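Right, one structure below, let's go through it.
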Amino acid sequence: MIKIFPNLKKIKIAIYAMYLTNKYGVKLKKSKSSQEKMNLRLEYSLKLLDKLNIKIDIVNKEQIPKTGQYLLVSNHRSIIDPLIIEIALKNSAINGFWVAKKELYNSLFFGSFTRNAGCILIDRESNNMSEFFKRTKEVVKEGHSIFIFPEGTRNTTTEKLSDFKDGSKLIALKNRLNILPVFIKDNADEILKDAINNDTKDLTINVQIGEVISYRDKQSLKANYKKQFNI
């Protein structure tokens with residue numbers, strides 16, 4: 001029986017996460033404005049991480065810009081990384097549309113949420129990216145920032161950072177968006193597993209905000225990012 005209990009905890013958390021995600025997927029679909037979507041995204045993030053007993057700590061809050069539009073770039077190890085970013089920016093005026101891959105749009109778990117949460121669909125298999133870049137321009141024109149994981153997918157290696165895709169810098173250039181680098185210092189995937197498998201309390205994920213990078217900066221985005229966070 002002892003071996004069963006951890007599995008029961010996992011099942012309960014999985015059921016709750018699916019329920020909450022789909023509940024907010026419906027709420028997001030009914031939302032009337034972009035700001036309402038942003039508020040619902042934050043509310044969802046706070047509820048789910050609270051259930052997991054995970055807190056977010058900002059190492060240097062003063063670095064968060066008070067206003068403006070940016071291309072926010074962050075490292076990516078866990079499915080909860082977008083939630084971490086949402087909470088890290090909760091007291092700022094920065095709100096953004098997430099760049100989301102096609103697989104998330106079609107996901108049974110995340111599909112409804114992603115399609116309605118304020119995202120820009122990217123099909124990495126497509127040879128024509130004109131619709132994607134057209135949508136980024138529309139989002140920026142509406143006054144929003146754009147949030148992206150430049151690694152393109154979750155980093156499952158032992159390295160702190162995997163290669164950045166070229167598209168991130170191109171988004172910044174095409175939209176004249178300065179770049180706001182964010183570094184999730186702790187391995188959020190390991191902390192998430194600890195929360196689920198061991199029901200550990202008072203877990204903390206530390207987030208560091210970097211200095212804004214000009215979209216005109218000639219240095220590679222990855223090199224600049226690594227330099228800022230001493231990776």
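Every chain in the structure tokens takes a letter, A first, then B, and so on in the order presented; its residues are numbered from 1, and the ligands are numbered from 1 following the presented order.
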
Given only C-alpha atoms, how would the per-residue table for stretch 5-72 of chain A near stretch 106-110 of chain A read, listing every residue at most 10 Å away with its closest atom pair and distance in Å to one decimal, sorted by chain and number, as a Markdown table?
```
| residue | atom | partner | partner_atom | distance |
| --- | --- | --- | --- | --- |
| A:Ala17 | CA | A:Phe109 | CA | 9.0 |
| A:Met18 | CA | A:Phe109 | CA | 6.3 |
| A:Tyr19 | CA | A:Phe109 | CA | 9.3 |
| A:Thr21 | CA | A:Phe110 | CA | 6.9 |
| A:Asn22 | CA | A:Phe109 | CA | 7.5 |
| A:Gly25 | CA | A:Phe110 | CA | 8.2 |
```

Open item on the list: Run DSSP on the backbone and tell me which residues of stretch 9-225 of chain A come out as helix (DSSP H, G or I); list them as a PyMOL selection string.
Closed with: chain A and resi 9-30+34-51+61-63+81-88+102-105+111-116+130-141+167-175+188-198+221-225

TODO: Skip A:Glu86 itself and residues of its chain fewer than 2 positions away, then list as an NGL selection string all residues within 12 Å of it, counting only C-alpha atoms.
DONE: :A and (37-46 or 49 or 56 or 58 or 72 or 74 or 80-84 or 88-98 or 147 or 182 or 207)

- [ ] For A:Lys55, list every protein, DNA or RNA residue within 8 Å, evaluated using only C-alpha atoms, and leave out those in the same chain fewer than 5 positions away; present the list as a list in words.
- [x]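 Neighbouring residues, sequence-local ones excluded: Leu49, Asp50, Asp202, Leu203, Thr204 and Ile205 of chain A.
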
TODO: Could you find all residues in stretch 111-201 of chain A that DSSP calls strand (DSSP E or B) from the backbone, and write them as a count of residues only?
DONE: 15

Open item on the list: Show me, as a ChimeraX atom specification, the residues that have an atom within 9 Å of A:Asn116 when counting only C-alpha atoms, minus same-chain residues fewer than 6 positions from it.
Closed with: /A:25-31,37

Could the residues in this selection be saved with all heavy atoms as a compact mmCIF listing (two decimals), in the first residue's frame?
```
# COMPACT_ATOMS: atom_id res chain seq x y z
N GLY A 25 -9.32 27.61 -19.71
CA GLY A 25 -9.45 27.65 -21.16
C GLY A 25 -10.81 28.19 -21.57
O GLY A 25 -10.94 29.00 -22.50
N VAL A 26 -11.85 27.75 -20.86
CA VAL A 26 -13.22 28.22 -21.11
C VAL A 26 -13.35 29.70 -20.74
O VAL A 26 -13.93 30.51 -21.47
CB VAL A 26 -14.24 27.38 -20.33
CG1 VAL A 26 -15.64 27.98 -20.45
CG2 VAL A 26 -14.25 25.94 -20.83
N LYS A 27 -12.80 30.07 -19.57
CA LYS A 27 -12.85 31.47 -19.12
C LYS A 27 -12.16 32.39 -20.13
O LYS A 27 -12.65 33.48 -20.44
CB LYS A 27 -12.19 31.62 -17.75
CG LYS A 27 -13.03 31.13 -16.58
CD LYS A 27 -12.35 31.53 -15.28
CE LYS A 27 -13.24 31.24 -14.07
NZ LYS A 27 -12.66 31.77 -12.82
N LEU A 28 -11.01 31.93 -20.62
CA LEU A 28 -10.25 32.73 -21.58
C LEU A 28 -11.01 32.90 -22.89
O LEU A 28 -10.98 33.96 -23.51
CB LEU A 28 -8.89 32.07 -21.84
CG LEU A 28 -7.87 32.22 -20.70
CD1 LEU A 28 -6.78 31.17 -20.83
CD2 LEU A 28 -7.27 33.62 -20.71
N LYS A 29 -11.70 31.86 -23.29
CA LYS A 29 -12.49 31.93 -24.53
C LYS A 29 -13.60 32.96 -24.41
O LYS A 29 -13.96 33.63 -25.38
CB LYS A 29 -13.07 30.55 -24.85
CG LYS A 29 -13.73 30.46 -26.22
CD LYS A 29 -14.15 29.05 -26.54
CE LYS A 29 -14.77 28.96 -27.93
NZ LYS A 29 -15.14 27.56 -28.29
N LYS A 30 -14.15 33.09 -23.21
CA LYS A 30 -15.26 34.03 -22.98
C LYS A 30 -14.77 35.45 -22.67
O LYS A 30 -15.58 36.37 -22.61
CB LYS A 30 -16.11 33.54 -21.81
CG LYS A 30 -16.86 32.23 -22.09
CD LYS A 30 -17.67 31.80 -20.87
CE LYS A 30 -18.44 30.52 -21.14
NZ LYS A 30 -19.19 30.07 -19.93
N SER A 31 -13.48 35.61 -22.47
CA SER A 31 -12.95 36.92 -22.09
C SER A 31 -13.17 37.94 -23.20
O SER A 31 -13.12 37.62 -24.38
CB SER A 31 -11.47 36.83 -21.74
OG SER A 31 -10.72 36.37 -22.84
N LYS A 37 -7.64 38.65 -20.54
CA LYS A 37 -6.88 37.42 -20.78
C LYS A 37 -5.62 37.39 -19.93
O LYS A 37 -5.29 36.37 -19.32
CB LYS A 37 -6.49 37.31 -22.26
CG LYS A 37 -7.63 36.97 -23.20
CD LYS A 37 -7.12 36.80 -24.62
CE LYS A 37 -8.26 36.62 -25.61
NZ LYS A 37 -9.01 35.37 -25.38
```

Open item on the list: Under the rule that only C-alpha atoms are counted, which of A:Ser34, A:Gln69, A:Ser78, A:Thr157 is the nearest residue to A:Lys193?
Closed with: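 Residue with the minimum atom-to-atom distance to A:Lys193: A:Ser78.
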